[in-house]
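Asks: Data: input16.txt, compact mmCIF, C-alpha atoms.
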# COMPACT_ATOMS: atom_id res chain seq x y z
CA MET A 1 -8.66 -48.15 -56.77
CA SER A 2 -11.37 -49.33 -59.18
CA ARG A 3 -14.67 -47.47 -59.47
CA ARG A 4 -16.50 -50.60 -58.33
CA ARG A 5 -14.46 -50.86 -55.13
CA LEU A 6 -14.98 -47.17 -54.41
CA LEU A 7 -18.75 -47.58 -54.87
CA ILE A 8 -18.80 -50.55 -52.51
CA LEU A 9 -16.87 -48.56 -49.89
CA ALA A 10 -19.29 -45.63 -50.35
CA ALA A 11 -22.29 -47.96 -49.89
CA ILE A 12 -20.79 -49.43 -46.71
CA ALA A 13 -20.05 -45.90 -45.48
CA THR A 14 -23.60 -44.63 -46.03
CA ALA A 15 -25.24 -47.67 -44.41
CA ALA A 16 -22.88 -47.53 -41.43
CA GLY A 17 -23.36 -43.77 -41.03
CA ALA A 18 -27.15 -44.06 -41.00
CA PHE A 19 -27.05 -46.88 -38.42
CA SER A 20 -24.67 -44.83 -36.32
CA GLY A 21 -26.80 -41.69 -36.33
CA LEU A 22 -29.99 -43.67 -35.72
CA PHE A 23 -28.92 -46.09 -33.03
CA GLY A 24 -25.95 -44.50 -31.31
CA VAL A 25 -23.60 -47.27 -32.30
CA GLY A 26 -20.38 -46.92 -34.23
CA GLY A 27 -21.59 -48.72 -37.32
CA GLY A 28 -19.22 -51.65 -36.89
CA THR A 29 -22.15 -54.08 -36.91
CA VAL A 30 -22.65 -53.05 -40.55
CA ILE A 31 -19.02 -52.49 -41.56
CA VAL A 32 -17.50 -55.77 -40.37
CA PRO A 33 -19.85 -58.20 -42.17
CA LEU A 34 -19.94 -56.07 -45.35
CA LEU A 35 -16.13 -55.88 -45.55
CA ILE A 36 -16.05 -59.67 -45.24
CA PHE A 37 -18.88 -60.44 -47.64
CA TRP A 38 -18.31 -57.74 -50.28
CA LEU A 39 -14.53 -57.19 -50.22
CA GLY A 40 -13.20 -60.56 -49.09
CA TYR A 41 -11.67 -59.33 -45.85
CA GLU A 42 -10.48 -61.77 -43.22
CA GLU A 43 -12.11 -61.36 -39.81
CA ARG A 44 -9.29 -59.65 -37.92
CA GLU A 45 -8.62 -57.22 -40.78
CA ALA A 46 -12.33 -56.43 -40.99
CA THR A 47 -12.56 -55.67 -37.27
CA GLY A 48 -9.36 -53.59 -37.25
CA THR A 49 -10.33 -51.58 -40.33
CA SER A 50 -13.85 -51.16 -38.96
CA LEU A 51 -12.49 -49.50 -35.81
CA ALA A 52 -10.59 -46.96 -37.94
CA SER A 53 -13.82 -46.09 -39.78
CA ILE A 54 -15.85 -45.96 -36.58
CA PHE A 55 -13.48 -43.38 -35.13
CA ILE A 56 -14.40 -40.96 -37.93
CA ILE A 57 -18.10 -41.88 -38.08
CA ALA A 58 -18.66 -41.63 -34.32
CA ALA A 59 -16.84 -38.29 -34.15
CA LEU A 60 -19.14 -36.88 -36.87
CA ALA A 61 -22.29 -38.34 -35.31
CA ALA A 62 -21.34 -37.20 -31.80
CA ALA A 63 -20.77 -33.67 -33.14
CA GLY A 64 -24.21 -33.78 -34.79
CA GLN A 65 -25.89 -34.96 -31.59
CA GLY A 66 -23.89 -32.39 -29.61
CA ILE A 67 -25.34 -29.60 -31.75
CA GLU A 68 -28.81 -30.98 -30.98
CA GLY A 69 -27.88 -30.80 -27.27
CA ASN A 70 -28.27 -34.51 -26.60
CA VAL A 71 -24.74 -35.36 -25.37
CA ASP A 72 -23.92 -35.68 -21.65
CA VAL A 73 -20.13 -35.27 -21.57
CA LEU A 74 -19.61 -36.36 -17.94
CA LYS A 75 -21.50 -39.62 -18.37
CA GLY A 76 -19.70 -40.18 -21.67
CA VAL A 77 -16.38 -39.94 -19.83
CA LEU A 78 -17.61 -42.29 -17.09
CA ILE A 79 -18.38 -44.92 -19.73
CA GLY A 80 -15.57 -44.09 -22.15
CA VAL A 81 -12.53 -44.18 -19.87
CA PRO A 82 -12.99 -47.78 -18.64
CA ALA A 83 -13.99 -48.67 -22.19
CA ILE A 84 -10.56 -47.59 -23.49
CA ALA A 85 -8.94 -50.11 -21.14
CA GLY A 86 -11.52 -52.63 -22.35
CA VAL A 87 -10.77 -52.15 -26.04
CA VAL A 88 -7.02 -52.54 -25.48
CA ALA A 89 -7.68 -55.80 -23.60
CA GLY A 90 -10.21 -56.94 -26.21
CA THR A 91 -7.90 -56.43 -29.18
CA ALA A 92 -5.08 -58.23 -27.35
CA LEU A 93 -7.40 -61.12 -26.56
CA GLN A 94 -8.64 -61.24 -30.17
CA GLN A 95 -5.13 -62.06 -31.41
CA ARG A 96 -5.06 -65.22 -29.26
CA VAL A 97 -8.62 -66.53 -29.11
CA PRO A 98 -10.59 -68.24 -31.88
CA GLN A 99 -13.36 -65.82 -32.69
CA ARG A 100 -16.08 -68.41 -33.12
CA SER A 101 -16.83 -68.99 -29.44
CA VAL A 102 -16.62 -65.27 -28.66
CA SER A 103 -19.00 -64.43 -31.51
CA LEU A 104 -21.55 -66.95 -30.30
CA LEU A 105 -21.40 -65.56 -26.74
CA PHE A 106 -21.84 -62.08 -28.13
CA ALA A 107 -24.90 -63.20 -30.09
CA VAL A 108 -26.48 -64.51 -26.88
CA LEU A 109 -25.72 -61.26 -25.07
CA LEU A 110 -27.31 -59.23 -27.89
CA VAL A 111 -30.51 -61.24 -27.67
CA ALA A 112 -30.65 -60.67 -23.90
CA VAL A 113 -30.22 -56.90 -24.28
CA ALA A 114 -32.81 -56.81 -27.07
CA VAL A 115 -35.38 -58.56 -24.89
CA GLN A 116 -34.64 -56.09 -22.09
CA LEU A 117 -35.30 -53.18 -24.48
CA ILE A 118 -38.53 -54.64 -25.84
CA VAL A 119 -40.05 -55.32 -22.39
CA PRO A 120 -41.01 -51.84 -21.12
CA MET B 1 -23.03 -48.58 -6.98
CA ASP B 2 -24.80 -47.71 -10.20
CA TYR B 3 -21.73 -45.74 -11.29
CA VAL B 4 -19.50 -48.76 -10.70
CA LEU B 5 -21.84 -50.99 -12.71
CA ALA B 6 -21.94 -48.42 -15.52
CA ALA B 7 -18.12 -48.32 -15.56
CA VAL B 8 -17.97 -52.14 -15.60
CA LEU B 9 -20.41 -52.22 -18.52
CA GLY B 10 -18.25 -49.55 -20.20
CA PHE B 11 -15.18 -51.75 -19.82
CA ALA B 12 -17.13 -54.74 -21.16
CA GLY B 13 -18.35 -52.65 -24.11
CA GLY B 14 -14.77 -51.69 -24.93
CA ALA B 15 -13.63 -55.31 -24.69
CA VAL B 16 -16.44 -56.44 -26.99
CA GLY B 17 -15.51 -53.58 -29.32
CA GLY B 18 -11.93 -54.78 -29.48
CA LEU B 19 -12.93 -58.40 -29.97
CA LEU B 20 -15.55 -57.82 -32.65
CA GLY B 21 -14.56 -54.54 -34.30
CA VAL B 22 -17.57 -52.56 -33.13
CA GLY B 23 -17.53 -49.32 -31.17
CA GLY B 24 -19.09 -50.75 -28.03
CA GLY B 25 -22.27 -48.67 -28.26
CA ILE B 26 -24.28 -51.87 -28.08
CA LEU B 27 -23.36 -52.01 -24.36
CA PHE B 28 -22.82 -48.27 -23.75
CA VAL B 29 -26.45 -47.47 -24.55
CA PRO B 30 -27.94 -49.93 -22.01
CA ALA B 31 -25.29 -48.84 -19.45
CA LEU B 32 -26.48 -45.25 -19.83
CA THR B 33 -30.21 -46.05 -19.77
CA ILE B 34 -30.20 -48.65 -16.98
CA PHE B 35 -27.53 -47.32 -14.58
CA LEU B 36 -27.17 -43.62 -15.38
CA GLY B 37 -30.81 -42.71 -15.91
CA GLU B 38 -30.59 -41.42 -19.48
CA GLY B 39 -33.46 -41.60 -21.98
CA GLN B 40 -32.84 -43.59 -25.14
CA LEU B 41 -32.02 -40.58 -27.34
CA HIS B 42 -29.57 -38.99 -24.88
CA ALA B 43 -28.03 -42.40 -24.17
CA GLU B 44 -27.37 -42.96 -27.85
CA ALA B 45 -25.91 -39.48 -28.30
CA THR B 46 -23.66 -39.83 -25.25
CA SER B 47 -22.64 -43.33 -26.35
CA LEU B 48 -21.33 -41.86 -29.60
CA LEU B 49 -19.02 -39.57 -27.64
CA ALA B 50 -17.65 -42.53 -25.63
CA ILE B 51 -17.08 -44.51 -28.84
CA VAL B 52 -14.68 -41.92 -30.30
CA PRO B 53 -11.66 -42.58 -28.00
CA VAL B 54 -12.50 -46.30 -27.86
CA ALA B 55 -12.38 -46.68 -31.65
CA LEU B 56 -9.17 -44.65 -31.81
CA ALA B 57 -7.44 -46.82 -29.19
CA GLY B 58 -8.76 -50.01 -30.82
CA ALA B 59 -7.62 -48.99 -34.30
CA TRP B 60 -4.20 -48.06 -32.90
CA ARG B 61 -3.79 -51.48 -31.24
CA GLN B 62 -5.08 -53.34 -34.29
CA SER B 63 -2.74 -51.45 -36.61
CA SER B 64 0.19 -52.53 -34.44
CA TYR B 65 -0.99 -56.12 -35.05
CA GLY B 66 -1.14 -55.39 -38.81
CA ASN B 67 -4.93 -55.67 -39.03
CA VAL B 68 -5.90 -52.21 -40.33
CA ARG B 69 -6.22 -51.32 -44.02
CA LEU B 70 -6.01 -47.63 -43.43
CA ARG B 71 -7.06 -46.41 -46.90
CA ASP B 72 -10.29 -48.43 -46.92
CA GLY B 73 -11.02 -47.56 -43.31
CA ALA B 74 -10.46 -43.84 -43.87
CA LEU B 75 -12.63 -43.90 -47.03
CA VAL B 76 -15.54 -45.58 -45.26
CA GLY B 77 -15.26 -42.96 -42.52
CA ALA B 78 -14.88 -40.03 -44.92
CA LEU B 79 -17.82 -41.10 -47.11
CA SER B 80 -20.21 -41.62 -44.18
CA PRO B 81 -21.52 -38.06 -43.45
CA LEU B 82 -24.63 -38.32 -45.65
CA GLY B 83 -25.72 -41.47 -43.86
CA VAL B 84 -24.85 -40.03 -40.44
CA LEU B 85 -26.84 -36.86 -41.16
CA ALA B 86 -29.90 -38.87 -42.23
CA GLY B 87 -29.64 -41.06 -39.13
CA VAL B 88 -29.28 -38.14 -36.71
CA LEU B 89 -32.23 -36.24 -38.24
CA ILE B 90 -34.46 -39.32 -38.13
CA SER B 91 -33.47 -40.11 -34.53
CA ASN B 92 -34.54 -36.61 -33.46
CA ALA B 93 -37.87 -36.85 -35.28
CA VAL B 94 -38.98 -40.32 -34.16
CA PRO B 95 -40.51 -41.18 -30.72
CA GLU B 96 -38.13 -42.82 -28.20
CA ARG B 97 -40.23 -46.00 -27.99
CA ALA B 98 -39.77 -46.49 -31.72
CA LEU B 99 -36.01 -46.03 -31.27
CA GLU B 100 -35.99 -48.64 -28.49
CA LEU B 101 -37.81 -51.14 -30.67
CA GLY B 102 -35.58 -50.28 -33.62
CA PHE B 103 -32.48 -50.77 -31.47
CA ALA B 104 -33.82 -54.13 -30.22
CA ALA B 105 -34.47 -55.21 -33.81
CA LEU B 106 -30.92 -54.19 -34.76
CA LEU B 107 -29.50 -56.29 -31.91
CA LEU B 108 -31.51 -59.35 -32.99
CA VAL B 109 -30.40 -58.94 -36.61
CA VAL B 110 -26.76 -58.68 -35.53
CA ALA B 111 -27.10 -61.72 -33.25
CA PHE B 112 -28.50 -63.77 -36.11
CA GLN B 113 -25.76 -62.49 -38.41
CA LEU B 114 -23.01 -63.41 -35.92
CA ALA B 115 -24.40 -66.91 -35.33
CA ARG B 116 -24.72 -67.50 -39.04
CA ARG B 117 -21.17 -66.28 -39.64
CA VAL B 118 -19.81 -68.64 -36.98
CA LEU B 119 -21.80 -71.60 -38.23
CA GLY B 120 -20.85 -70.85 -41.86
CA ALA B 121 -17.17 -70.29 -41.07
CA SER B 122 -16.10 -73.93 -41.04
CA ARG B 123 -17.74 -74.64 -44.40
CA ARG B 124 -16.24 -71.48 -45.87
CA SER B 125 -12.72 -72.25 -44.70
CA GLN B 126 -12.98 -75.70 -46.24
CA ARG B 127 -13.79 -74.52 -49.72
CA ARG B 128 -11.85 -71.31 -50.20
CA SER B 129 -8.26 -70.29 -49.80
CA ARG B 130 -7.07 -66.84 -48.76
CA PRO B 131 -9.21 -64.19 -50.54
CA PRO B 132 -7.59 -61.85 -53.08
CA ARG B 133 -6.44 -58.41 -51.93
Would you mind writing the file out in structure tokens?
Replies:
Amino acid sequence: MSRRRLLILAAIATAAGAFSGLFGVGGGTVIVPLLIFWLGYEEREATGTSLASIFIIAALAAAGQGIEGNVDVLKGVLIGVPAIAGVVAGTALQQRVPQRSVSLLFAVLLVAVAVQLIVP
Amino acid sequence: MDYVLAAVLGFAGGAVGGLLGVGGGILFVPALTIFLGEGQLHAEATSLLAIVPVALAGAWRQSSYGNVRLRDGALVGALSPLGVLAGVLISNAVPERALELGFAALLLVVAFQLARRVLGASRRSQRRSRPPR
């Protein structure tokens, strides 16, 4: 692996880690586009590889938040267990569906949630 | 009823995670704040815990489809702790309202990014062949 590629991966890792710790997300919103734009990934590879990274990042961040006493394990399970079924269904669907329509729908959903957060 | 809705939003978050390669926290956090009565900081922390098994299951499925470059993925994960540490410390130092606004801003940026990627995709596929490995 070239030094340049390693530096790019390190930059993606730091940005994704900071977003994860700050916003309680896995960092995939940073990783996926950067893998595509900086390393020439195709979309499915970027999303698959992103999930592998997120596993490590989220485990580290969750441990950090757990030390701070901010994690509610029971509610995490209530959300996480159905979400496991969801991710299996989502990855299966991704292999069959053109991502363009799904991405656009997702963009609309994000805007709706953002508005809900901004309005107190 | 709120528990059912939270579980449904959890499932949807996982599905979105699988489709778009994100952890699902983008839906887990609102599920926890709206239906399970968590504040923003605790919702984000708890969301991270839920993401761990989701990302593992998603990566496992994607690798069976041949879509995971394990070395790159592991490196991005392994090199992330400095960023994670900075993010966690900042999130514990900043008021929750600021976090809410920051999270909203993040969502809007991602939405714009997604729309632009979709709209740029057709032009991109016209002018370039498969990118080099």
Asks: Between atom CA of B:Val54 and atom CA of B:Arg116, what is the distance in Å, rounded to a tenth?
Replies: 26.9 Å
Asks: Go through A:Ile118, A:Val113, A:Gly64, A:Leu104 one by one, measure the shortest atom-to-atom distance of each to B:Leu119 using all atoms listed in the file, and give the residue with the smallest value.
Replies: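 Smallest separation from B:Leu119 among the options: A:Leu104.
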Asks: Report, in Å to a single decimal, how far apart atom CA of A:Leu117 and atom CA of B:Leu82 are.
Replies: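 We find that atom CA of B:Leu82 and atom CA of A:Leu117 lie 28.0 Å from each other.
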Asks: Quick one: residues within 12 Å of (-4.9, -61.0, -27.5) (file frame), counting all atoms listed in the file, please, as a PyMOL selection string.
Replies: (chain A and resi 44+86-99) or (chain B and resi 15+18-19+61-62+65)
Asks: Could you write those residues out with C-alpha atoms, as a compact mmCIF listing (two decimals), in the frame of the given file?
Replies:
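Generated output (part.txt):
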# COMPACT_ATOMS: atom_id res chain seq x y z
CA ARG A 44 -9.29 -59.65 -37.92
CA GLY A 86 -11.52 -52.63 -22.35
CA VAL A 87 -10.77 -52.15 -26.04
CA VAL A 88 -7.02 -52.54 -25.48
CA ALA A 89 -7.68 -55.80 -23.60
CA GLY A 90 -10.21 -56.94 -26.21
CA THR A 91 -7.90 -56.43 -29.18
CA ALA A 92 -5.08 -58.23 -27.35
CA LEU A 93 -7.40 -61.12 -26.56
CA GLN A 94 -8.64 -61.24 -30.17
CA GLN A 95 -5.13 -62.06 -31.41
CA ARG A 96 -5.06 -65.22 -29.26
CA VAL A 97 -8.62 -66.53 -29.11
CA PRO A 98 -10.59 -68.24 -31.88
CA GLN A 99 -13.36 -65.82 -32.69
CA ALA B 15 -13.63 -55.31 -24.69
CA GLY B 18 -11.93 -54.78 -29.48
CA LEU B 19 -12.93 -58.40 -29.97
CA ARG B 61 -3.79 -51.48 -31.24
CA GLN B 62 -5.08 -53.34 -34.29
CA TYR B 65 -0.99 -56.12 -35.05
Asks: Point out the residue among A:Gly80, A:Gly66, A:Gly17, A:Gly27 with the least atom-to-atom distance to B:Val22, counting all atoms listed in the file.
Replies: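 With all atoms listed in the file as the atom set, the closest residue is A:Gly27.
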Asks: Ranking B:Val29, B:Ala104, B:Leu89, B:Met1 by minimum distance to chain A and counting only C-alpha atoms, which one comes first?
Replies: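 Closest candidate: B:Ala104.
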Asks: To one decimal in Å, tell me the separation between atom CA of B:Ala93 and atom CA of A:Val77.
Replies: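 It comes out at 26.6 Å.
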Asks: Which is closer to chain A than all the others in B:Gly66, B:Ala55, B:Ala98, B:Gly39, using all atoms listed in the file?
Replies: B:Ala55
Asks: Between B:Gly13, B:Val88, B:Gly77, B:Arg71, single out the one closest to B:Ile51, counting all atoms listed in the file.
Replies: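 Of all the options, B:Gly13 lies closest to B:Ile51.
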Asks: Let me make sure I understand: among A:Gly28, A:Gly21, A:Gly69, A:Pro33, which one has the smallest atom-to-atom distance to A:Leu51 if we use all atoms listed in the file?
Replies: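 Nearest to A:Leu51: A:Gly28.
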Asks: Find the spatial neighbours of A:Thr49, counting only C-alpha atoms, within a cut-off of 9 Å - ignore same-chain residues fewer than 4 positions away - and output them as a PyMOL selection string.
Replies: (chain A and resi 31-32+35+44-45+53-54) or (chain B and resi 21+59+62-63+67-74)
Asks: Could I get stretch 24-46 of chain B rebuilt with N, CA and C atoms, written as a compact mmCIF listing (two decimals), keeping the file's coordinate frame?
Replies:
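Output below, filename selection-v9.txt:
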# COMPACT_ATOMS: atom_id res chain seq x y z
N GLY B 24 -18.73 -50.48 -29.41
CA GLY B 24 -19.09 -50.75 -28.03
C GLY B 24 -20.41 -50.12 -27.64
N GLY B 25 -21.02 -49.36 -28.54
CA GLY B 25 -22.27 -48.67 -28.26
C GLY B 25 -23.39 -49.62 -27.88
N ILE B 26 -23.28 -50.85 -28.36
CA ILE B 26 -24.28 -51.87 -28.08
C ILE B 26 -24.40 -52.12 -26.58
N LEU B 27 -23.30 -51.92 -25.82
CA LEU B 27 -23.36 -52.01 -24.36
C LEU B 27 -23.40 -50.64 -23.69
N PHE B 28 -22.82 -49.61 -24.36
CA PHE B 28 -22.82 -48.27 -23.75
C PHE B 28 -24.24 -47.75 -23.59
N VAL B 29 -25.08 -48.00 -24.61
CA VAL B 29 -26.45 -47.47 -24.55
C VAL B 29 -27.23 -48.07 -23.37
N PRO B 30 -27.27 -49.40 -23.20
CA PRO B 30 -27.94 -49.93 -22.01
C PRO B 30 -27.29 -49.48 -20.70
N ALA B 31 -25.95 -49.33 -20.68
CA ALA B 31 -25.29 -48.84 -19.45
C ALA B 31 -25.84 -47.46 -19.08
N LEU B 32 -26.02 -46.62 -20.08
CA LEU B 32 -26.48 -45.25 -19.83
C LEU B 32 -27.96 -45.21 -19.46
N THR B 33 -28.78 -46.08 -20.08
CA THR B 33 -30.21 -46.05 -19.77
C THR B 33 -30.50 -46.73 -18.43
N ILE B 34 -29.86 -47.87 -18.17
CA ILE B 34 -30.20 -48.65 -16.98
C ILE B 34 -29.56 -48.06 -15.73
N PHE B 35 -28.25 -47.71 -15.79
CA PHE B 35 -27.53 -47.32 -14.58
C PHE B 35 -27.35 -45.82 -14.41
N LEU B 36 -27.43 -45.05 -15.51
CA LEU B 36 -27.17 -43.62 -15.38
C LEU B 36 -28.40 -42.78 -15.69
N GLY B 37 -29.55 -43.44 -15.83
CA GLY B 37 -30.81 -42.71 -15.91
C GLY B 37 -31.04 -41.86 -17.15
N GLU B 38 -30.38 -42.19 -18.25
CA GLU B 38 -30.59 -41.42 -19.48
C GLU B 38 -31.76 -41.99 -20.27
N GLY B 39 -32.48 -41.13 -20.99
CA GLY B 39 -33.46 -41.60 -21.98
C GLY B 39 -32.73 -42.20 -23.16
N GLN B 40 -33.47 -42.88 -24.02
CA GLN B 40 -32.84 -43.59 -25.14
C GLN B 40 -32.07 -42.64 -26.06
N LEU B 41 -32.67 -41.50 -26.41
CA LEU B 41 -32.02 -40.58 -27.34
C LEU B 41 -30.72 -40.01 -26.76
N HIS B 42 -30.78 -39.55 -25.50
CA HIS B 42 -29.57 -38.99 -24.88
C HIS B 42 -28.51 -40.08 -24.65
N ALA B 43 -28.97 -41.29 -24.35
CA ALA B 43 -28.03 -42.40 -24.17
C ALA B 43 -27.28 -42.68 -25.47
N GLU B 44 -28.01 -42.68 -26.57
CA GLU B 44 -27.37 -42.96 -27.85
C GLU B 44 -26.40 -41.85 -28.23
N ALA B 45 -26.79 -40.61 -27.98
CA ALA B 45 -25.91 -39.48 -28.30
C ALA B 45 -24.65 -39.52 -27.45
N THR B 46 -24.81 -39.79 -26.16
CA THR B 46 -23.66 -39.83 -25.25
C THR B 46 -22.77 -41.03 -25.56
